[in-house]
>>> print(open('upload.csv').read())   # CSV, N, CA and C atoms and all ligand atoms
chain,number,residue,atom,x,y,z
B,1,MET,N,8.0,-8.9,-11.5
B,1,MET,CA,8.6,-9.3,-12.8
B,1,MET,C,10.0,-9.8,-12.5
B,2,ARG,N,10.3,-11.1,-13.0
B,2,ARG,CA,11.6,-11.6,-12.7
B,2,ARG,C,12.5,-11.5,-14.0
B,3,LEU,N,13.8,-11.7,-13.7
B,3,LEU,CA,14.8,-11.7,-14.9
B,3,LEU,C,14.4,-12.7,-15.9
B,4,GLY,N,14.3,-12.4,-17.1
B,4,GLY,CA,14.0,-13.4,-18.1
B,4,GLY,C,12.5,-13.4,-18.5
B,5,ASP,N,11.7,-12.8,-17.7
B,5,ASP,CA,10.3,-12.7,-18.0
B,5,ASP,C,10.1,-12.0,-19.3
B,6,SER,N,9.1,-12.3,-20.1
B,6,SER,CA,8.9,-11.6,-21.3
B,6,SER,C,8.5,-10.1,-21.0
B,7,LEU,N,8.8,-9.2,-22.0
B,7,LEU,CA,8.6,-7.8,-21.7
B,7,LEU,C,7.1,-7.5,-21.7
B,8,ARG,N,6.7,-6.6,-20.8
B,8,ARG,CA,5.3,-6.2,-20.7
B,8,ARG,C,5.3,-4.8,-20.1
B,9,PHE,N,4.1,-4.2,-20.0
B,9,PHE,CA,4.0,-2.9,-19.4
B,9,PHE,C,4.3,-2.9,-17.9
B,10,VAL,N,5.2,-2.0,-17.5
B,10,VAL,CA,5.5,-1.9,-16.0
B,10,VAL,C,4.9,-0.7,-15.4
B,11,THR,N,4.1,-0.8,-14.4
B,11,THR,CA,3.5,0.3,-13.8
B,11,THR,C,4.5,1.2,-13.0
B,12,LEU,N,4.2,2.4,-12.7
B,12,LEU,CA,5.1,3.3,-12.0
B,12,LEU,C,5.5,2.7,-10.7
B,13,GLY,N,4.5,2.1,-10.0
B,13,GLY,CA,4.7,1.4,-8.7
B,13,GLY,C,5.8,0.3,-8.8
B,14,GLU,N,5.7,-0.5,-9.9
B,14,GLU,CA,6.7,-1.5,-10.1
B,14,GLU,C,8.0,-0.9,-10.5
B,15,GLN,N,8.0,0.2,-11.2
B,15,GLN,CA,9.3,0.8,-11.6
B,15,GLN,C,10.0,1.3,-10.3
B,16,ASP,N,9.2,1.9,-9.3
B,16,ASP,CA,9.7,2.3,-8.1
B,16,ASP,C,10.4,1.1,-7.3
B,17,ALA,N,9.6,0.0,-7.3
B,17,ALA,CA,10.1,-1.2,-6.6
B,17,ALA,C,11.4,-1.7,-7.2
B,18,LEU,N,11.4,-1.7,-8.6
B,18,LEU,CA,12.6,-2.2,-9.3
B,18,LEU,C,13.8,-1.3,-9.0
B,19,ALA,N,13.5,0.1,-9.0
B,19,ALA,CA,14.6,1.1,-8.8
B,19,ALA,C,15.1,0.9,-7.4
B,20,SER,N,14.3,0.7,-6.4
B,20,SER,CA,14.7,0.6,-5.0
B,20,SER,C,15.6,-0.7,-4.8
B,21,ASN,N,15.4,-1.7,-5.7
B,21,ASN,CA,16.3,-2.9,-5.6
B,21,ASN,C,17.4,-2.8,-6.6
B,22,ASN,N,17.7,-1.6,-7.1
B,22,ASN,CA,18.9,-1.3,-8.0
B,22,ASN,C,18.7,-2.0,-9.3
B,23,PHE,N,17.5,-2.3,-9.8
B,23,PHE,CA,17.3,-2.8,-11.1
B,23,PHE,C,17.2,-1.5,-12.0
B,24,VAL,N,17.6,-1.7,-13.2
B,24,VAL,CA,17.5,-0.6,-14.2
B,24,VAL,C,16.4,-1.0,-15.2
B,25,VAL,N,15.4,-0.1,-15.4
B,25,VAL,CA,14.4,-0.4,-16.3
B,25,VAL,C,14.7,0.1,-17.7
B,26,HIS,N,14.8,-0.7,-18.6
B,26,HIS,CA,15.2,-0.3,-20.0
B,26,HIS,C,13.9,-0.1,-20.7
B,27,VAL,N,13.8,1.1,-21.3
B,27,VAL,CA,12.6,1.5,-22.1
B,27,VAL,C,13.0,1.6,-23.6
B,28,ARG,N,12.2,0.9,-24.4
B,28,ARG,CA,12.5,1.0,-25.8
B,28,ARG,C,11.7,2.2,-26.3
B,29,VAL,N,12.5,3.1,-26.9
B,29,VAL,CA,12.0,4.4,-27.4
B,29,VAL,C,11.7,4.3,-28.9
B,30,SER,N,10.5,4.6,-29.3
B,30,SER,CA,10.2,4.5,-30.7
B,30,SER,C,10.1,6.0,-31.3
B,31,GLY,N,10.3,6.1,-32.5
B,31,GLY,CA,10.2,7.4,-33.2
B,31,GLY,C,11.3,8.3,-32.9
B,32,PRO,N,11.4,9.5,-33.5
B,32,PRO,CA,12.5,10.4,-33.3
B,32,PRO,C,12.5,10.9,-31.8
B,33,LEU,N,13.7,11.1,-31.3
B,33,LEU,CA,13.8,11.5,-29.8
B,33,LEU,C,13.0,12.7,-29.5
B,34,ALA,N,13.1,13.7,-30.4
B,34,ALA,CA,12.4,15.0,-30.2
B,34,ALA,C,10.9,14.8,-29.9
B,35,ALA,N,10.3,13.8,-30.6
B,35,ALA,CA,8.9,13.6,-30.4
B,35,ALA,C,8.6,12.9,-29.1
B,36,ARG,N,9.6,12.5,-28.3
B,36,ARG,CA,9.3,11.8,-27.0
B,36,ARG,C,9.3,12.8,-25.9
B,37,PHE,N,9.7,14.0,-26.1
B,37,PHE,CA,9.8,15.0,-25.0
B,37,PHE,C,8.4,15.2,-24.3
B,38,PRO,N,7.3,15.4,-25.0
B,38,PRO,CA,6.1,15.5,-24.4
B,38,PRO,C,5.7,14.3,-23.5
B,39,GLU,N,6.2,13.1,-23.9
B,39,GLU,CA,5.9,11.9,-23.1
B,39,GLU,C,6.6,12.0,-21.7
B,40,GLU,N,7.8,12.6,-21.8
B,40,GLU,CA,8.6,12.7,-20.5
B,40,GLU,C,7.8,13.6,-19.5
B,41,ASP,N,7.1,14.7,-20.1
B,41,ASP,CA,6.3,15.5,-19.2
B,41,ASP,C,5.2,14.7,-18.6
B,42,VAL,N,4.6,13.9,-19.4
B,42,VAL,CA,3.5,13.0,-19.0
B,42,VAL,C,4.0,12.1,-17.8
B,43,MET,N,5.2,11.5,-18.0
B,43,MET,CA,5.7,10.7,-16.9
B,43,MET,C,5.9,11.5,-15.6
B,44,ASN,N,6.4,12.7,-15.7
B,44,ASN,CA,6.6,13.5,-14.6
B,44,ASN,C,5.3,13.8,-13.9
B,45,SER,N,4.3,14.2,-14.6
B,45,SER,CA,3.0,14.5,-14.0
B,45,SER,C,2.4,13.2,-13.4
B,46,ASN,N,2.6,12.0,-14.0
B,46,ASN,CA,2.1,10.8,-13.4
B,46,ASN,C,2.7,10.6,-12.1
B,47,LYS,N,4.0,10.8,-11.9
B,47,LYS,CA,4.7,10.6,-10.7
B,47,LYS,C,4.2,11.6,-9.6
B,48,TRP,N,4.0,12.8,-10.1
B,48,TRP,CA,3.5,13.9,-9.2
B,48,TRP,C,2.1,13.5,-8.7
B,49,ILE,N,1.2,13.0,-9.6
B,49,ILE,CA,-0.2,12.6,-9.2
B,49,ILE,C,-0.1,11.4,-8.2
B,50,ARG,N,0.8,10.5,-8.5
B,50,ARG,CA,0.9,9.3,-7.6
B,50,ARG,C,1.4,9.7,-6.2
B,51,GLN,N,2.3,10.7,-6.1
B,51,GLN,CA,2.8,11.2,-4.8
B,51,GLN,C,1.7,11.9,-4.1
B,52,THR,N,0.9,12.7,-4.9
B,52,THR,CA,-0.3,13.5,-4.3
B,52,THR,C,-1.2,12.4,-3.7
B,53,HIS,N,-1.5,11.4,-4.5
B,53,HIS,CA,-2.5,10.4,-4.0
B,53,HIS,C,-2.0,9.7,-2.7
B,54,ARG,N,-0.7,9.4,-2.7
B,54,ARG,CA,-0.1,8.8,-1.5
B,54,ARG,C,-0.2,9.7,-0.2
B,55,TRP,N,0.2,11.0,-0.4
B,55,TRP,CA,0.2,11.8,0.8
B,55,TRP,C,-1.2,12.3,1.2
B,56,VAL,N,-2.1,12.4,0.2
B,56,VAL,CA,-3.5,12.8,0.6
B,56,VAL,C,-4.2,11.6,1.3
B,57,SER,N,-3.7,10.4,1.0
B,57,SER,CA,-4.3,9.2,1.7
B,57,SER,C,-4.0,9.3,3.2
B,58,ILE,N,-2.8,9.8,3.5
B,58,ILE,CA,-2.4,10.0,4.9
B,58,ILE,C,-3.3,11.0,5.6
B,59,ALA,N,-3.5,12.2,4.9
B,59,ALA,CA,-4.4,13.2,5.4
B,59,ALA,C,-5.8,12.7,5.6
B,60,PHE,N,-6.3,11.9,4.6
B,60,PHE,CA,-7.6,11.3,4.7
B,60,PHE,C,-7.7,10.4,5.9
B,61,THR,N,-6.7,9.5,6.1
B,61,THR,CA,-6.7,8.6,7.3
B,61,THR,C,-6.7,9.4,8.6
B,62,VAL,N,-5.9,10.5,8.7
B,62,VAL,CA,-5.9,11.3,9.9
B,62,VAL,C,-7.3,11.9,10.1
B,63,ALA,N,-8.0,12.4,9.0
B,63,ALA,CA,-9.3,13.0,9.1
B,63,ALA,C,-10.3,12.0,9.6
B,64,VAL,N,-10.2,10.7,9.1
B,64,VAL,CA,-11.1,9.7,9.5
B,64,VAL,C,-11.0,9.4,11.0
B,65,ILE,N,-9.7,9.4,11.5
B,65,ILE,CA,-9.5,9.2,12.9
B,65,ILE,C,-10.1,10.3,13.8
B,66,ILE,N,-9.9,11.6,13.3
B,66,ILE,CA,-10.5,12.7,14.0
B,66,ILE,C,-12.0,12.6,14.0
B,67,ASN,N,-12.6,12.1,12.9
B,67,ASN,CA,-14.0,11.9,12.8
B,67,ASN,C,-14.5,10.9,13.8
B,68,ILE,N,-13.8,9.8,13.9
B,68,ILE,CA,-14.2,8.8,14.9
B,68,ILE,C,-14.1,9.3,16.3
B,69,ALA,N,-13.0,10.0,16.6
B,69,ALA,CA,-12.8,10.6,17.9
B,69,ALA,C,-14.0,11.6,18.2
B,70,ALA,N,-14.4,12.4,17.2
B,70,ALA,CA,-15.4,13.5,17.4
B,70,ALA,C,-16.8,12.8,17.6
B,71,MET,N,-17.0,11.6,17.0
B,71,MET,CA,-18.3,10.9,17.2
B,71,MET,C,-18.5,10.5,18.7
B,72,GLY,N,-17.3,10.2,19.3
B,72,GLY,CA,-17.4,9.8,20.7
B,72,GLY,C,-17.7,11.0,21.6
B,73,GLN,N,-17.6,12.2,21.1
B,73,GLN,CA,-17.8,13.4,21.9
B,73,GLN,C,-19.3,13.9,21.8
B,74,GLY,N,-20.2,13.1,21.3
B,74,GLY,CA,-21.5,13.5,21.1
B,74,GLY,C,-21.8,14.0,19.7
B,75,GLU,N,-22.7,14.9,19.4
B,75,GLU,CA,-23.1,15.3,18.1
B,75,GLU,C,-21.9,16.1,17.4
B,76,PRO,N,-21.3,15.5,16.3
B,76,PRO,CA,-20.1,16.2,15.7
B,76,PRO,C,-20.6,17.4,14.9
B,77,VAL,N,-19.7,18.4,14.8
B,77,VAL,CA,-20.0,19.6,14.0
B,77,VAL,C,-19.7,19.3,12.6
B,78,VAL,N,-20.3,20.1,11.6
B,78,VAL,CA,-20.3,19.8,10.2
B,78,VAL,C,-18.9,19.8,9.7
B,79,TRP,N,-18.0,20.7,10.1
B,79,TRP,CA,-16.7,20.8,9.5
B,79,TRP,C,-15.8,19.6,9.8
B,80,VAL,N,-16.1,18.9,10.8
B,80,VAL,CA,-15.4,17.6,11.1
B,80,VAL,C,-15.6,16.6,10.0
B,81,GLY,N,-16.9,16.6,9.6
B,81,GLY,CA,-17.3,15.7,8.5
B,81,GLY,C,-16.6,16.1,7.2
B,82,LEU,N,-16.5,17.4,6.9
B,82,LEU,CA,-15.9,17.9,5.7
B,82,LEU,C,-14.4,17.7,5.7
B,83,LEU,N,-13.8,17.6,6.8
B,83,LEU,CA,-12.4,17.3,7.0
B,83,LEU,C,-12.0,16.1,6.2
B,84,ALA,N,-12.8,15.0,6.2
B,84,ALA,CA,-12.5,13.8,5.5
B,84,ALA,C,-13.0,13.9,4.0
B,85,LEU,N,-14.0,14.6,3.8
B,85,LEU,CA,-14.7,14.6,2.5
B,85,LEU,C,-13.7,15.3,1.5
B,86,PHE,N,-13.1,16.4,1.8
B,86,PHE,CA,-12.2,17.1,0.9
B,86,PHE,C,-11.0,16.2,0.4
B,87,PRO,N,-10.2,15.5,1.3
B,87,PRO,CA,-9.2,14.6,0.8
B,87,PRO,C,-9.8,13.4,0.1
B,88,LEU,N,-11.0,13.0,0.4
B,88,LEU,CA,-11.6,11.8,-0.3
B,88,LEU,C,-11.9,12.2,-1.7
B,89,ILE,N,-12.3,13.4,-2.0
B,89,ILE,CA,-12.6,13.9,-3.3
B,89,ILE,C,-11.3,13.9,-4.1
B,90,LEU,N,-10.2,14.5,-3.5
B,90,LEU,CA,-8.9,14.5,-4.1
B,90,LEU,C,-8.4,13.1,-4.5
B,91,LEU,N,-8.6,12.2,-3.5
B,91,LEU,CA,-8.2,10.8,-3.7
B,91,LEU,C,-9.0,10.2,-4.8
B,92,LEU,N,-10.3,10.5,-4.9
B,92,LEU,CA,-11.1,9.9,-6.0
B,92,LEU,C,-10.6,10.4,-7.4
B,93,LEU,N,-10.3,11.7,-7.5
B,93,LEU,CA,-9.9,12.2,-8.8
B,93,LEU,C,-8.5,11.7,-9.2
B,94,THR,N,-7.5,11.8,-8.2
B,94,THR,CA,-6.2,11.3,-8.5
B,94,THR,C,-6.2,9.8,-8.7
B,95,GLY,N,-7.0,9.1,-7.9
B,95,GLY,CA,-7.1,7.6,-8.0
B,95,GLY,C,-7.7,7.2,-9.3
B,96,LEU,N,-8.7,7.9,-9.8
B,96,LEU,CA,-9.3,7.5,-11.1
B,96,LEU,C,-8.2,7.7,-12.2
B,97,TYR,N,-7.4,8.8,-12.1
B,97,TYR,CA,-6.4,9.1,-13.0
B,97,TYR,C,-5.4,7.9,-13.0
B,98,LEU,N,-4.9,7.5,-11.8
B,98,LEU,CA,-4.0,6.4,-11.7
B,98,LEU,C,-4.5,5.1,-12.3
B,99,PHE,N,-5.9,5.0,-12.2
B,99,PHE,CA,-6.5,3.8,-12.7
B,99,PHE,C,-6.5,3.7,-14.2
B,100,VAL,N,-6.7,4.8,-14.9
B,100,VAL,CA,-6.7,4.7,-16.3
B,100,VAL,C,-5.3,4.7,-17.0
B,101,LEU,N,-4.3,5.1,-16.2
B,101,LEU,CA,-2.9,5.2,-16.7
B,101,LEU,C,-2.4,4.0,-17.5
B,102,PRO,N,-2.5,2.7,-17.0
B,102,PRO,CA,-2.0,1.6,-17.7
B,102,PRO,C,-2.8,1.4,-19.0
B,103,TYR,N,-4.1,1.7,-19.0
B,103,TYR,CA,-4.9,1.5,-20.2
B,103,TYR,C,-4.5,2.6,-21.2
B,104,ALA,N,-4.3,3.8,-20.8
B,104,ALA,CA,-3.9,4.9,-21.6
B,104,ALA,C,-2.5,4.6,-22.3
B,105,ALA,N,-1.6,4.1,-21.4
B,105,ALA,CA,-0.3,3.8,-21.9
B,105,ALA,C,-0.3,2.7,-23.0
B,106,ARG,N,-1.2,1.7,-22.8
B,106,ARG,CA,-1.4,0.6,-23.7
B,106,ARG,C,-1.9,1.2,-25.0
B,107,TRP,N,-2.9,2.1,-24.9
B,107,TRP,CA,-3.5,2.7,-26.0
B,107,TRP,C,-2.5,3.5,-26.8
B,108,ARG,N,-1.7,4.3,-26.1
B,108,ARG,CA,-0.6,5.1,-26.7
B,108,ARG,C,0.4,4.2,-27.4
B,109,GLY,N,0.7,3.0,-26.8
B,109,GLY,CA,1.7,2.1,-27.4
B,109,GLY,C,1.2,1.5,-28.7
B,110,ALA,N,-0.1,1.1,-28.7
B,110,ALA,CA,-0.7,0.6,-29.9
B,110,ALA,C,-0.8,1.6,-31.0
B,111,GLU,N,-1.1,2.8,-30.5
B,111,GLU,CA,-1.2,4.0,-31.5
B,111,GLU,C,0.2,4.2,-32.1
B,112,SER,N,1.3,4.3,-31.4
B,112,SER,CA,2.6,4.6,-31.9
B,112,SER,C,3.1,3.4,-32.8
B,113,ALA,N,2.7,2.1,-32.4
B,113,ALA,CA,3.0,1.0,-33.2
B,113,ALA,C,2.4,1.1,-34.6
B,114,ARG,N,1.1,1.6,-34.6
B,114,ARG,CA,0.3,1.7,-35.8
B,114,ARG,C,1.0,2.8,-36.7
B,115,VAL,N,1.5,3.9,-36.1
B,115,VAL,CA,2.1,5.0,-36.8
B,115,VAL,C,3.4,4.5,-37.5
B,116,ARG,N,4.2,3.7,-36.7
B,116,ARG,CA,5.4,3.1,-37.2
B,116,ARG,C,5.2,2.1,-38.3
B,117,GLY,N,4.1,1.4,-38.3
B,117,GLY,CA,3.7,0.5,-39.3
B,117,GLY,C,4.3,-0.9,-39.1
P,201,LIG,C1,-11.5,7.3,-3.7
P,201,LIG,C2,-11.3,6.4,-4.6
P,201,LIG,C3,-9.9,5.9,-4.9
P,201,LIG,C4,-9.5,5.4,-6.1
P,201,LIG,C5,-10.3,5.4,-7.4
P,201,LIG,C6,-8.1,4.9,-5.9
P,201,LIG,C7,-7.3,4.4,-7.0
P,201,LIG,C8,-6.0,4.0,-6.9
P,201,LIG,C9,-5.2,3.5,-8.0
P,201,LIG,C10,-5.7,3.2,-9.4
P,201,LIG,C11,-4.0,3.3,-7.5
P,201,LIG,C12,-2.8,2.9,-8.3
P,201,LIG,C13,-2.6,1.4,-8.2
P,201,LIG,C14,-1.3,1.0,-9.1
P,201,LIG,O1,-0.2,1.0,-8.6
P,201,LIG,O2,-1.6,0.7,-10.3
P,201,LIG,C15,-3.9,3.7,-6.1
P,201,LIG,C16,-2.8,3.7,-5.3
P,201,LIG,C17,-2.8,4.0,-4.0
P,201,LIG,N1,-4.0,4.4,-3.2
P,201,LIG,FE1,-5.8,4.8,-3.9
P,201,LIG,N2,-7.7,5.1,-4.6
P,201,LIG,C18,-8.8,5.6,-4.0
P,201,LIG,C19,-8.8,5.9,-2.6
P,201,LIG,C20,-7.7,5.7,-1.7
P,201,LIG,C21,-7.8,5.8,-0.3
P,201,LIG,C22,-9.1,6.2,0.5
P,201,LIG,C23,-6.6,5.5,0.2
P,201,LIG,C24,-6.1,5.5,1.6
P,201,LIG,C25,-6.6,6.1,2.6
P,201,LIG,C26,-5.7,5.2,-0.9
P,201,LIG,C27,-4.4,4.9,-0.9
P,201,LIG,C28,-3.6,4.6,-1.9
P,201,LIG,C29,-2.1,4.4,-1.8
P,201,LIG,C30,-1.3,4.5,-0.6
P,201,LIG,C31,-1.7,4.0,-3.1
P,201,LIG,C32,-0.3,3.7,-3.5
P,201,LIG,C33,0.3,5.0,-4.1
P,201,LIG,C34,1.8,4.7,-4.6
P,201,LIG,O3,2.0,4.0,-5.5
P,201,LIG,O4,2.6,5.4,-4.0
P,201,LIG,N3,-6.4,5.4,-2.1
P,201,LIG,N4,-5.2,4.1,-5.7
>>> encode(input="upload.csv", output="structure tokens")
Amino acid sequence: MRLGDSLRFVTLGEQDALASNNFVVHVRVSGPLAARFPEEDVMNSNKWIRQTHRWVSIAFTVAVIINIAAMGQGEPVVWVGLLALFPLILLLLTGLYLFVLPYAARWRGAESARVRG
């Protein structure tokens, strides 16, 4: 997103990129401030889930490498296979959550616009 572009939804990834380039993201807050506190909690958990997804992806990559190495050693034992399966399940759950985030935010935006009238 460049300076002067029309306003649109900015993903957390884009917010991180903007922040690391010293851009300040201005957020228009609607409704009474008190009513926004739960939304701040949602933003914190979004960030937490994104960080989890990022670090579990490293664990998954390491597990895949271990799997490939184990395959070269003949018949691999079952737990080596499970080593990659567990982080993959975590990645799937956190990844699906990250996937629906923009749609959920758009839905929430439309909802609060409707409440404001
Ligand atoms: C299993 C199913 C998976 C799903 C449904 C999924 C979905 C997603 C989604 C929706 C995002 C956010 C994209 C955005 O910025 O809007 C994301 C980010 C990411 N995914 Fe996945 N993903 C999956 C598996 C993986 C795997 C296997 C890896 C790597 C081994 C991986 C690595 C990453 C990384 C590094 C990011 C960027 C996180 C960040 O912003 O810091 N994901 N994924």
>>> residues_near_ligand(input="upload.csv", ligand="ligand LIG 201 (chain P)", cutoff="6.5 Å", atoms="all atoms listed in the file", output="PDB file with N, CA and C atoms, keeping the file's coordinate frame")
ATOM      1  N   THR B  11       4.100  -0.800 -14.400  1.00  0.00           N
ATOM      2  CA  THR B  11       3.500   0.300 -13.800  1.00  0.00           C
ATOM      3  C   THR B  11       4.500   1.200 -13.000  1.00  0.00           C
ATOM      4  N   LEU B  12       4.200   2.400 -12.700  1.00  0.00           N
ATOM      5  CA  LEU B  12       5.100   3.300 -12.000  1.00  0.00           C
ATOM      6  C   LEU B  12       5.500   2.700 -10.700  1.00  0.00           C
ATOM      7  N   GLY B  13       4.500   2.100 -10.000  1.00  0.00           N
ATOM      8  CA  GLY B  13       4.700   1.400  -8.700  1.00  0.00           C
ATOM      9  C   GLY B  13       5.800   0.300  -8.800  1.00  0.00           C
ATOM     10  N   GLU B  14       5.700  -0.500  -9.900  1.00  0.00           N
ATOM     11  CA  GLU B  14       6.700  -1.500 -10.100  1.00  0.00           C
ATOM     12  C   GLU B  14       8.000  -0.900 -10.500  1.00  0.00           C
ATOM     13  N   ARG B  50       0.800  10.500  -8.500  1.00  0.00           N
ATOM     14  CA  ARG B  50       0.900   9.300  -7.600  1.00  0.00           C
ATOM     15  C   ARG B  50       1.400   9.700  -6.200  1.00  0.00           C
ATOM     16  N   GLN B  51       2.300  10.700  -6.100  1.00  0.00           N
ATOM     17  CA  GLN B  51       2.800  11.200  -4.800  1.00  0.00           C
ATOM     18  C   GLN B  51       1.700  11.900  -4.100  1.00  0.00           C
ATOM     19  N   HIS B  53      -1.500  11.400  -4.500  1.00  0.00           N
ATOM     20  CA  HIS B  53      -2.500  10.400  -4.000  1.00  0.00           C
ATOM     21  C   HIS B  53      -2.000   9.700  -2.700  1.00  0.00           C
ATOM     22  N   ARG B  54      -0.700   9.400  -2.700  1.00  0.00           N
ATOM     23  CA  ARG B  54      -0.100   8.800  -1.500  1.00  0.00           C
ATOM     24  C   ARG B  54      -0.200   9.700  -0.200  1.00  0.00           C
ATOM     25  N   VAL B  56      -2.100  12.400   0.200  1.00  0.00           N
ATOM     26  CA  VAL B  56      -3.500  12.800   0.600  1.00  0.00           C
ATOM     27  C   VAL B  56      -4.200  11.600   1.300  1.00  0.00           C
ATOM     28  N   SER B  57      -3.700  10.400   1.000  1.00  0.00           N
ATOM     29  CA  SER B  57      -4.300   9.200   1.700  1.00  0.00           C
ATOM     30  C   SER B  57      -4.000   9.300   3.200  1.00  0.00           C
ATOM     31  N   ILE B  58      -2.800   9.800   3.500  1.00  0.00           N
ATOM     32  CA  ILE B  58      -2.400  10.000   4.900  1.00  0.00           C
ATOM     33  C   ILE B  58      -3.300  11.000   5.600  1.00  0.00           C
ATOM     34  N   PHE B  60      -6.300  11.900   4.600  1.00  0.00           N
ATOM     35  CA  PHE B  60      -7.600  11.300   4.700  1.00  0.00           C
ATOM     36  C   PHE B  60      -7.700  10.400   5.900  1.00  0.00           C
ATOM     37  N   THR B  61      -6.700   9.500   6.100  1.00  0.00           N
ATOM     38  CA  THR B  61      -6.700   8.600   7.300  1.00  0.00           C
ATOM     39  C   THR B  61      -6.700   9.400   8.600  1.00  0.00           C
ATOM     40  N   LEU B  88     -11.000  13.000   0.400  1.00  0.00           N
ATOM     41  CA  LEU B  88     -11.600  11.800  -0.300  1.00  0.00           C
ATOM     42  C   LEU B  88     -11.900  12.200  -1.700  1.00  0.00           C
ATOM     43  N   ILE B  89     -12.300  13.400  -2.000  1.00  0.00           N
ATOM     44  CA  ILE B  89     -12.600  13.900  -3.300  1.00  0.00           C
ATOM     45  C   ILE B  89     -11.300  13.900  -4.100  1.00  0.00           C
ATOM     46  N   LEU B  91      -8.600  12.200  -3.500  1.00  0.00           N
ATOM     47  CA  LEU B  91      -8.200  10.800  -3.700  1.00  0.00           C
ATOM     48  C   LEU B  91      -9.000  10.200  -4.800  1.00  0.00           C
ATOM     49  N   LEU B  92     -10.300  10.500  -4.900  1.00  0.00           N
ATOM     50  CA  LEU B  92     -11.100   9.900  -6.000  1.00  0.00           C
ATOM     51  C   LEU B  92     -10.600  10.400  -7.400  1.00  0.00           C
ATOM     52  N   LEU B  93     -10.300  11.700  -7.500  1.00  0.00           N
ATOM     53  CA  LEU B  93      -9.900  12.200  -8.800  1.00  0.00           C
ATOM     54  C   LEU B  93      -8.500  11.700  -9.200  1.00  0.00           C
ATOM     55  N   THR B  94      -7.500  11.800  -8.200  1.00  0.00           N
ATOM     56  CA  THR B  94      -6.200  11.300  -8.500  1.00  0.00           C
ATOM     57  C   THR B  94      -6.200   9.800  -8.700  1.00  0.00           C
ATOM     58  N   GLY B  95      -7.000   9.100  -7.900  1.00  0.00           N
ATOM     59  CA  GLY B  95      -7.100   7.600  -8.000  1.00  0.00           C
ATOM     60  C   GLY B  95      -7.700   7.200  -9.300  1.00  0.00           C
ATOM     61  N   LEU B  96      -8.700   7.900  -9.800  1.00  0.00           N
ATOM     62  CA  LEU B  96      -9.300   7.500 -11.100  1.00  0.00           C
ATOM     63  C   LEU B  96      -8.200   7.700 -12.200  1.00  0.00           C
ATOM     64  N   TYR B  97      -7.400   8.800 -12.100  1.00  0.00           N
ATOM     65  CA  TYR B  97      -6.400   9.100 -13.000  1.00  0.00           C
ATOM     66  C   TYR B  97      -5.400   7.900 -13.000  1.00  0.00           C
ATOM     67  N   LEU B  98      -4.900   7.500 -11.800  1.00  0.00           N
ATOM     68  CA  LEU B  98      -4.000   6.400 -11.700  1.00  0.00           C
ATOM     69  C   LEU B  98      -4.500   5.100 -12.300  1.00  0.00           C
ATOM     70  N   PHE B  99      -5.900   5.000 -12.200  1.00  0.00           N
ATOM     71  CA  PHE B  99      -6.500   3.800 -12.700  1.00  0.00           C
ATOM     72  C   PHE B  99      -6.500   3.700 -14.200  1.00  0.00           C
ATOM     73  N   VAL B 100      -6.700   4.800 -14.900  1.00  0.00           N
ATOM     74  CA  VAL B 100      -6.700   4.700 -16.300  1.00  0.00           C
ATOM     75  C   VAL B 100      -5.300   4.700 -17.000  1.00  0.00           C
TER      76      VAL B 100
END
>>> atom_distance(input="upload.csv", atom1="CA of Ile49 in chain B", atom2="atom C of Ile66 in chain B")
26.0 Å
>>> closest_residue(input="upload.csv", among="B:Ala59, B:Ser45, B:Ala113, B:Ile68", to="Pro87 in chain B", atoms="only N, CA and C atoms")
B:Ala59
>>> atom_distance(input="upload.csv", atom1="CA of Asp16 in chain B", atom2="CA of Val64 in chain B")
28.2 Å
>>> atom_distance(input="upload.csv", atom1="CA of Glu39 in chain B", atom2="atom C of Leu101 in chain B")
12.8 Å
